[in-house]
Amino acid sequence: MPAPSPPRTAYERFLPHRRWLEWGYWIGVVVVSATANTLTVGMELRRAGIAHHPLEPAIWEWSSNLVFLALVPAVVWYTRRFPLVLDDWRRVLAAHVAGSLAYCALHVLGMVALRMAVYAAAGESYDFGPWGRQLTYEYLKDVRTYAGLVLLIEAYRFVLRRLQGEARLLDAPDDAPPEEPVERPERFLVRKLGREFLVAASDIEALQASGNYVNLRVRGREYPLRTTISAIEARLDPARFQRVHRSHIVNLDHVASIEPLDTGDARIHLHDGSILPCSRRYRAALKDRLGATP
């Protein structure tokens with residue numbers, strides 16, 4: 001009789017709904033922000049006695065917020081490429097200064113294009129004003145929006161890693177030799193919600209690159225390790241682990257079968273039913289390794 005599977009954690013219950021909840025959050029932010037700003041801008045214009053069409057504040061605010069929503073995936077991707085790390089802060093700072101400039105340019109061009117289209121549909125024309133002065137004004141607002149967005153994304157990822165459990169290599173003791181060669185670890189230390197436990201390298205079914213992390217897959221659960229896929233590949237036992245894709249490494253003991261594809265690539269089926277990609281570059285080497293594996 002198979003052993004009962006461990007109870008699902010809060011993080012695992014969250015995963016099937018993650019994308020819906022994330023997009024629901026950002027859509028909710030845009031709806032609330034655009035609605036509130038429309039009302040306040042309208043009140044300020046009326047208070048100042050500035051003539052305007054009643055729909056103009058809505059056009060201005062919704063165009064800005066819709067472009068913001070469209071840019072969120074790009075900022076999420078960019079923060080994966082340049083995460084906030086202190087050990088390389090000069091490079092990260094320069095990258096995010098450039099990112100804020102690109103964000104501002106795309107935001108302004110997008111919202112101006114939307115406004116011009118709406119005004120044109122109503123038989124009117126939209127005047128953004130002097131571009132130099134207006135871009136400076138918009139950047140002073142957008143740099144704060146960009147910084148807040150980056151910090152919020154990083155904080156969210158930090159919470160997820162705490163719930164998921166973050167792995168690291170075992171450190172050598174200060175007063176004794178290490179229990180195992182640090183260059184080829186046989187165990188990893190996982191910290192999860194303040195608790196620590198060991199994961200044997202042999203229990204790792206596969207590894208997948210994810211930005212500045214590599215996710216260690218163990219019994220269907222993933223634990224991020226701050227490293228690169230190439231760095232961890234060099235430290236794993238080559239008799240057990242095989243690179244099969246630029247973003248994937250597999251434990252040969254957990255491979256059930258290889259499914260060739262017409263493209264020359266392949267799918268790797270693991271014993272637990274999960275599937276990994278295998279690019280044509282690594283397919284022949286994988287077949288040779290499995291043929292030599294008892």
# chains A, B, ... in the order shown; residues from 1 in each chain; ligands from 1

call {"tool": "residues_around", "arguments": {"residues": "Asn212 in chain A", "least_positions_apart": "3", "cutoff": "9 Å", "atoms": "only C-alpha atoms", "output": "list in words"}}
result
Arg80, Arg81, Phe82, Pro83, Ala209, Leu225, Arg226, Thr227 and Thr228 of chain A

call {"tool": "closest_residue", "arguments": {"among": "A:Thr40, A:Tyr103, A:Arg161, A:Ala122", "to": "Tyr139 in chain A", "atoms": "only C-alpha atoms"}}
result
A:Tyr103

call {"tool": "residues_around", "arguments": {"residues": "Ser247 in chain A", "least_positions_apart": "4", "cutoff": "8 Å", "atoms": "only C-alpha atoms", "output": "list of chain:residue names"}}
result
A:Gln208, A:Ala209, A:Ser210, A:Ile229

call {"tool": "closest_residue", "arguments": {"among": "A:Ala284, A:Val190, A:Leu252, A:Val244", "to": "Arg267 in chain A", "atoms": "only C-alpha atoms"}}
result
A:Val244

call {"tool": "select_by_dssp", "arguments": {"residues": "range 4-248 of chain A", "states": "alpha helix (DSSP H)", "output": "ChimeraX atom specification"}}
result
/A:10-14,18-48,56-81,89-121,131-164,229-235

call {"tool": "closest_atom_pairs", "arguments": {"of": "range 115-166 of chain A", "to": "range 53-76 of chain A", "cutoff": "9 Å", "atoms": "only C-alpha atoms", "output": "JSON lines"}}
result
{"residue": "A:Arg115", "atom": "CA", "partner": "A:Ser63", "partner_atom": "CA", "distance": 6.6}
{"residue": "A:Val118", "atom": "CA", "partner": "A:Ile59", "partner_atom": "CA", "distance": 7.8}
{"residue": "A:Tyr119", "atom": "CA", "partner": "A:Ile59", "partner_atom": "CA", "distance": 8.9}
{"residue": "A:Tyr146", "atom": "CA", "partner": "A:Val75", "partner_atom": "CA", "distance": 8.3}
{"residue": "A:Leu149", "atom": "CA", "partner": "A:Val75", "partner_atom": "CA", "distance": 7.9}
{"residue": "A:Val150", "atom": "CA", "partner": "A:Val75", "partner_atom": "CA", "distance": 7.3}
{"residue": "A:Ile153", "atom": "CA", "partner": "A:Val76", "partner_atom": "CA", "distance": 7.0}

call {"tool": "write_last_selection", "arguments": {"atoms": "N, CA, C and O atoms", "output": "PDB file, in the first residue's frame"}}
result
ATOM      1  N   ARG A 115      -4.424  58.548 -25.513  1.00  0.00           N
ATOM      2  CA  ARG A 115      -5.183  59.797 -25.431  1.00  0.00           C
ATOM      3  C   ARG A 115      -5.424  60.393 -26.808  1.00  0.00           C
ATOM      4  O   ARG A 115      -6.529  60.870 -27.114  1.00  0.00           O
ATOM      5  N   VAL A 118      -8.225  58.440 -28.494  1.00  0.00           N
ATOM      6  CA  VAL A 118      -9.564  58.727 -27.961  1.00  0.00           C
ATOM      7  C   VAL A 118     -10.029  60.114 -28.402  1.00  0.00           C
ATOM      8  O   VAL A 118     -11.179  60.301 -28.823  1.00  0.00           O
ATOM      9  N   TYR A 119      -9.145  61.089 -28.310  1.00  0.00           N
ATOM     10  CA  TYR A 119      -9.506  62.450 -28.730  1.00  0.00           C
ATOM     11  C   TYR A 119      -9.838  62.476 -30.223  1.00  0.00           C
ATOM     12  O   TYR A 119     -10.786  63.145 -30.648  1.00  0.00           O
ATOM     13  N   TYR A 146       8.148  53.386 -10.445  1.00  0.00           N
ATOM     14  CA  TYR A 146       9.015  52.256 -10.807  1.00  0.00           C
ATOM     15  C   TYR A 146       9.712  51.690  -9.567  1.00  0.00           C
ATOM     16  O   TYR A 146       9.747  50.467  -9.367  1.00  0.00           O
ATOM     17  N   LEU A 149       7.279  49.809  -7.462  1.00  0.00           N
ATOM     18  CA  LEU A 149       6.914  48.557  -8.113  1.00  0.00           C
ATOM     19  C   LEU A 149       8.000  47.504  -7.919  1.00  0.00           C
ATOM     20  O   LEU A 149       7.714  46.343  -7.588  1.00  0.00           O
ATOM     21  N   VAL A 150       9.261  47.899  -8.099  1.00  0.00           N
ATOM     22  CA  VAL A 150      10.376  46.961  -7.926  1.00  0.00           C
ATOM     23  C   VAL A 150      10.437  46.460  -6.482  1.00  0.00           C
ATOM     24  O   VAL A 150      10.594  45.261  -6.230  1.00  0.00           O
ATOM     25  N   ILE A 153       7.573  43.998  -5.799  1.00  0.00           N
ATOM     26  CA  ILE A 153       7.814  42.698  -6.429  1.00  0.00           C
ATOM     27  C   ILE A 153       8.857  41.902  -5.654  1.00  0.00           C
ATOM     28  O   ILE A 153       8.691  40.697  -5.408  1.00  0.00           O
TER      29      ILE A 153
END

call {"tool": "select_by_dssp", "arguments": {"residues": "range 88-279 of chain A", "states": "strand (DSSP E)", "output": "ChimeraX atom specification"}}
result
/A:166-169,187-192,195-200,204-210,213-218,221-226,241-245,248-251,255-260,266-270,275-278

call {"tool": "atom_distance", "arguments": {"atom1": "CA of Arg90 in chain A", "atom2": "CA of Tyr156 in chain A"}}
result
23.1 Å

call {"tool": "atom_distance", "arguments": {"atom1": "CA of Ala105 in chain A", "atom2": "CA of Leu135 in chain A"}}
result
8.1 Å
